[in-house]
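Shown next, in structure tokens, is the structure this report addresses.
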Amino acid sequence: MTIEFILPDIGEGIVECELLEWLVSEGEHIEEDQPVAEVMTDKATVQIPAMHAGVVEKLHYAVGEIAKVHEPLFSMKPDASDAEAAETDTAEPDAPQTNSSDLTTSDVSSNSSTIEDFILPDIGEGIVECEIVKWNVEEGDSIEEDQAVVEVMTDKAVVEIPAKNAGIVHKLYYAQGEIAEVHSPLFALSVEGAEGQEQAPADAKASDSNSADSAKSTPSNANAQNSSKAVERENDTKWKDGDFEPPISIPGKVLASPAVRRIAREKDIDLLNVSGSGKKGRILKSDVLTSASASSSESSQSLSGKDSTSAAVPAKESSTSAVQNTVTGSTRVEKVRGIQSAMAKQMAASVYTIPHFTVSDEVVMDNLIALRKNLKPEFEKKEVKLSFMPFFVKAMSLALTEFPVINSQLNDEGTELTYFDDHNIGFAVDSKIGLLVPNIKGVQHLSLLDIAVQMQDIIDQARAGRVSGEHLKGGTISISNIGAIGGITATPVINKPEAAIVALGKTQKLPLFDADDNVIAQHIMAVNWSGDHRIIDGATMVRFNNLWMSYLTSPEKMLMHLK
């Protein structure tokens with residue numbers, strides 16, 4: 001059985017590389033994870049490890065030639081122990097023998113299905129990796145085109161990845177909780193009735209050069225396992241010359257192929273606790289097996305030692321020991337990922353680059369409360385929930401029309417100020433995956449009902465962790481309603497690159513004096529603005545806030561602006 005080794009995605013958008021050196025020769029027996037070839041990309045020199053142990057049958061490129069990502073690099077015959085793991089389609093038992101070039105193509109022509117790797121697509125906004133949240137399918141499941149296969153979490157939100165074709169799930173390359181990289185294989189799919197892209201040579205007497213070209217240009221269907229990540233190695237000469245820094249060890253990251261990771265999962269071995277014997281600390285299969293044997297031995301010794309010791313230790317001493325062990329002083333370390341990681345970076349960048357200043361005030365909410373009470377039944381007839389937020393959003397849009405500088409953004413160099421015609425107003429949502437700030441586009445063109453409908457839909461999506469990326473970008477100003485969970489005052493951090501944000505406190509019924517010095521009860525809400533002091537001065541912010549609050553204290557004033 002011959003399989004093709006497909007050159008894996010080396011990352012950073014690289015699509016081809018130059019073959020510098022073959023580290024093996026045709027006919028040579030190689031071991032799993034053994035470096036086979038050294039290639040050079042635009043970024044660095046990389047060693048490509050073998051996925052399986054076996055015999056090298058054909059090297060498809062000569063030294064100095066350009067190899068393409070996702071195309072065959074070399075063919076090999078795996079050892080019997082690795083043949084099943086290779087997961088390749090084979091020729092019929094009674095099929096006639098063919099030469100080495102025919103062996104790479106007969107698999108597809110003799111079957112009615114092909115194994116295709118689904119490559120994780122570019123999710124946008126510079127995202128290069130994502131966490132597997134949940135697989136919606138299992139290996140062996142039959143799926144339809146566009147069926148949601150997996151949920152992944154990026155720095156922005158949870159995204160469902162649909163299948164491009166119908167077929168049977170052949171293999172899932174990642175477990176739940178693992179990190180998948182963009183442009184790397186996510187799962188393998190057996191596509192029934194698909195025509196093989198590899199065709200056997202029509203003329204058995206074709207020249208060797210033509211056969212080699214055919215092998216080079218045909219993607220292999222036999223390499224469903226070939227999702228290993230190449231181990232990037234900087235050029236030693238460049239390190240010595242000071243052009244590059246040597247690679248550093250990244251906490252929580254290990255170098256190991258998917259096959260090694262699979263074995264580790266099966267044997268319940270944490271790869272973070274395994275010392276790799278390969279280059280640059282790469283963990284090999286032998287390292288995992290050695291660690292598994294050591295763990296088993298330690299467990300046995302621990303159990304036997306515990307049995308023999310417990311019989312000799314007095315009951316009183318055991319009791320004392322148990323009391324002492326209640327004070328452990330233990331800690332727990334969690335990785336900062338996804339939304340939490342993105343928020344940390346965004347807030348740090350905002351505080352370090354934008355000079356914040358704050359304006360606080362109080363809004364009398366009585367008239368707005370009465371108006372909302374009157375309108376709620378009408379909104380409910382349309383199955384729309386009416387909160388105060390649509391009023392805050394619409395009033396803000398009306399105020400922005402008079403103060404366009406509040407709806408502007410300064411570039412990173414501080415040399416250009418961009419004014420936005422559209423009022424894309426964001427609102428903070430406490431979702432199950434962290435803080436999200438989706439925004440409603442073009443509020444200046446929307447009615448109160450339009451805003452309420454869109455807001456209800458976006459909030460439902462956010463709380464499910466599935467907000468569309470379109471709603472998470474392009475915001476021009478934001479509202480944080482801390483009062484919804486009980487806060488009164490806050491100093492909000494600007495959602496960079498926006499120019500301002502307001503935090504709304506909870507509404508309180510407080511005793512106040514009227515114009516005749518009589519004590520009356522009024523509903524008061526605290527508002528706290530943070531502005532970018534590079535482009536907004538204090539007086540402008542106060543005037544803008546006064547106009548915005550006037551629409552809330554006397555909501556009938558908004559009627560004169562309706563179109």
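Note on naming: chains are A, B, ... as they come in the structure tokens, residues start from 1 per chain, ligands start from 1 in the order shown.
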Exercise. Tell me, as a ChimeraX atom specification, which residues lie within 12 Å of Leu120 in chain A, counting only C-alpha atoms; anything in the same chain fewer than 3 positions away does not count.
Key: /A:9,117,123-124,127-132,149-152,159-164,173-174,179-188,227
Residues as selected, C-alpha atoms, written as a compact mmCIF listing (two decimals), in the first residue's frame, can you do that?
# COMPACT_ATOMS: atom_id res chain seq x y z
CA ASP A 9 0.26 24.27 5.48
CA ASP A 117 -9.36 17.41 3.94
CA ILE A 123 -12.38 33.78 9.31
CA GLY A 124 -11.32 37.38 8.74
CA ILE A 127 -7.59 35.84 13.01
CA VAL A 128 -5.02 33.04 12.69
CA GLU A 129 -6.32 30.47 15.16
CA CYS A 130 -9.46 29.46 17.02
CA GLU A 131 -10.52 27.12 19.81
CA ILE A 132 -12.72 24.09 19.12
CA VAL A 149 -19.97 20.71 11.49
CA VAL A 150 -18.20 22.47 14.34
CA GLU A 151 -18.39 25.54 16.56
CA VAL A 152 -15.12 27.43 17.00
CA VAL A 159 -18.53 30.81 14.69
CA GLU A 160 -20.18 27.78 13.11
CA ILE A 161 -18.19 26.17 10.30
CA PRO A 162 -20.37 24.53 7.59
CA ALA A 163 -19.41 21.60 5.34
CA LYS A 164 -18.62 22.44 1.71
CA TYR A 173 -8.29 16.30 13.56
CA TYR A 174 -8.87 18.24 16.77
CA ILE A 179 -6.52 25.21 19.13
CA ALA A 180 -6.96 24.93 15.35
CA GLU A 181 -4.97 27.12 12.97
CA VAL A 182 -6.46 28.87 9.95
CA HIS A 183 -5.51 27.22 6.63
CA SER A 184 -4.83 23.87 8.35
CA PRO A 185 -6.97 20.70 7.93
CA LEU A 186 -9.93 20.67 10.33
CA PHE A 187 -11.54 17.33 9.44
CA ALA A 188 -11.46 14.74 6.65
CA SER A 227 -2.55 17.67 9.25
Practice problem: Select, from A:Met560, A:Leu272, A:Val429, A:Leu7, the residue with the minimum atom-to-atom distance to Glu71 in chain A, counting only C-alpha atoms. | Solution: A:Leu7
Practice problem: Looking only at helix (DSSP H, G or I) from DSSP on the backbone, list the matching residues of range 431-552 of chain A as a VMD selection string. | Solution: chain A and resid 443 to 445 448 to 463 469 to 472 482 to 485 538 to 552
What would the file look like if the residues just selected were written as a PDB file, in the first residue's frame with C-alpha atoms?
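Output below, filename result_17.pdb:
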ATOM      1  CA  VAL A 443     -29.134  54.415  13.384  1.00  0.00           C
ATOM      2  CA  GLN A 444     -29.854  57.840  11.838  1.00  0.00           C
ATOM      3  CA  HIS A 445     -32.080  56.082   9.278  1.00  0.00           C
ATOM      4  CA  LEU A 448     -37.499  53.299  17.357  1.00  0.00           C
ATOM      5  CA  LEU A 449     -39.170  50.040  16.303  1.00  0.00           C
ATOM      6  CA  ASP A 450     -36.380  49.237  13.841  1.00  0.00           C
ATOM      7  CA  ILE A 451     -33.782  49.739  16.569  1.00  0.00           C
ATOM      8  CA  ALA A 452     -35.677  47.576  19.067  1.00  0.00           C
ATOM      9  CA  VAL A 453     -36.064  44.733  16.548  1.00  0.00           C
ATOM     10  CA  GLN A 454     -32.386  44.746  15.579  1.00  0.00           C
ATOM     11  CA  MET A 455     -31.252  45.048  19.185  1.00  0.00           C
ATOM     12  CA  GLN A 456     -33.390  42.119  20.313  1.00  0.00           C
ATOM     13  CA  ASP A 457     -32.016  39.944  17.514  1.00  0.00           C
ATOM     14  CA  ILE A 458     -28.381  40.903  18.209  1.00  0.00           C
ATOM     15  CA  ILE A 459     -28.743  40.336  21.976  1.00  0.00           C
ATOM     16  CA  ASP A 460     -30.180  36.851  21.363  1.00  0.00           C
ATOM     17  CA  GLN A 461     -27.223  36.058  19.106  1.00  0.00           C
ATOM     18  CA  ALA A 462     -24.684  37.501  21.569  1.00  0.00           C
ATOM     19  CA  ARG A 463     -25.996  35.531  24.513  1.00  0.00           C
ATOM     20  CA  GLY A 469     -18.781  39.485  12.533  1.00  0.00           C
ATOM     21  CA  GLU A 470     -20.550  42.299  10.690  1.00  0.00           C
ATOM     22  CA  HIS A 471     -22.159  43.423  13.966  1.00  0.00           C
ATOM     23  CA  LEU A 472     -18.827  43.424  15.811  1.00  0.00           C
ATOM     24  CA  ILE A 482     -24.102  48.864  33.864  1.00  0.00           C
ATOM     25  CA  GLY A 483     -27.373  49.772  35.571  1.00  0.00           C
ATOM     26  CA  ALA A 484     -28.965  46.647  34.130  1.00  0.00           C
ATOM     27  CA  ILE A 485     -27.067  44.620  36.737  1.00  0.00           C
ATOM     28  CA  GLY A 538     -14.615  69.159  27.921  1.00  0.00           C
ATOM     29  CA  ALA A 539     -17.000  71.910  26.816  1.00  0.00           C
ATOM     30  CA  THR A 540     -17.962  70.037  23.646  1.00  0.00           C
ATOM     31  CA  MET A 541     -18.629  66.853  25.587  1.00  0.00           C
ATOM     32  CA  VAL A 542     -20.832  68.682  28.112  1.00  0.00           C
ATOM     33  CA  ARG A 543     -22.850  70.386  25.363  1.00  0.00           C
ATOM     34  CA  PHE A 544     -23.301  67.105  23.531  1.00  0.00           C
ATOM     35  CA  ASN A 545     -24.389  65.384  26.758  1.00  0.00           C
ATOM     36  CA  ASN A 546     -26.865  68.189  27.539  1.00  0.00           C
ATOM     37  CA  LEU A 547     -28.522  67.765  24.131  1.00  0.00           C
ATOM     38  CA  TRP A 548     -28.640  63.988  24.464  1.00  0.00           C
ATOM     39  CA  MET A 549     -30.157  64.200  27.950  1.00  0.00           C
ATOM     40  CA  SER A 550     -32.753  66.713  26.776  1.00  0.00           C
ATOM     41  CA  TYR A 551     -34.147  64.091  24.409  1.00  0.00           C
ATOM     42  CA  LEU A 552     -34.432  61.660  27.342  1.00  0.00           C
TER      43      LEU A 552
END
Self-check item: Pick from A:Ser468, A:Asn411, A:Asn424, A:Thr476 nearest to Ile535 in chain A, counting only C-alpha atoms
Solution: A:Asn411
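Using only C-alpha atoms for every distance, the candidate list A:Ile48, A:Ala53, A:Val260, A:Ala370 yields A:Ala53 as the residue closest to Ala80 in chain A.
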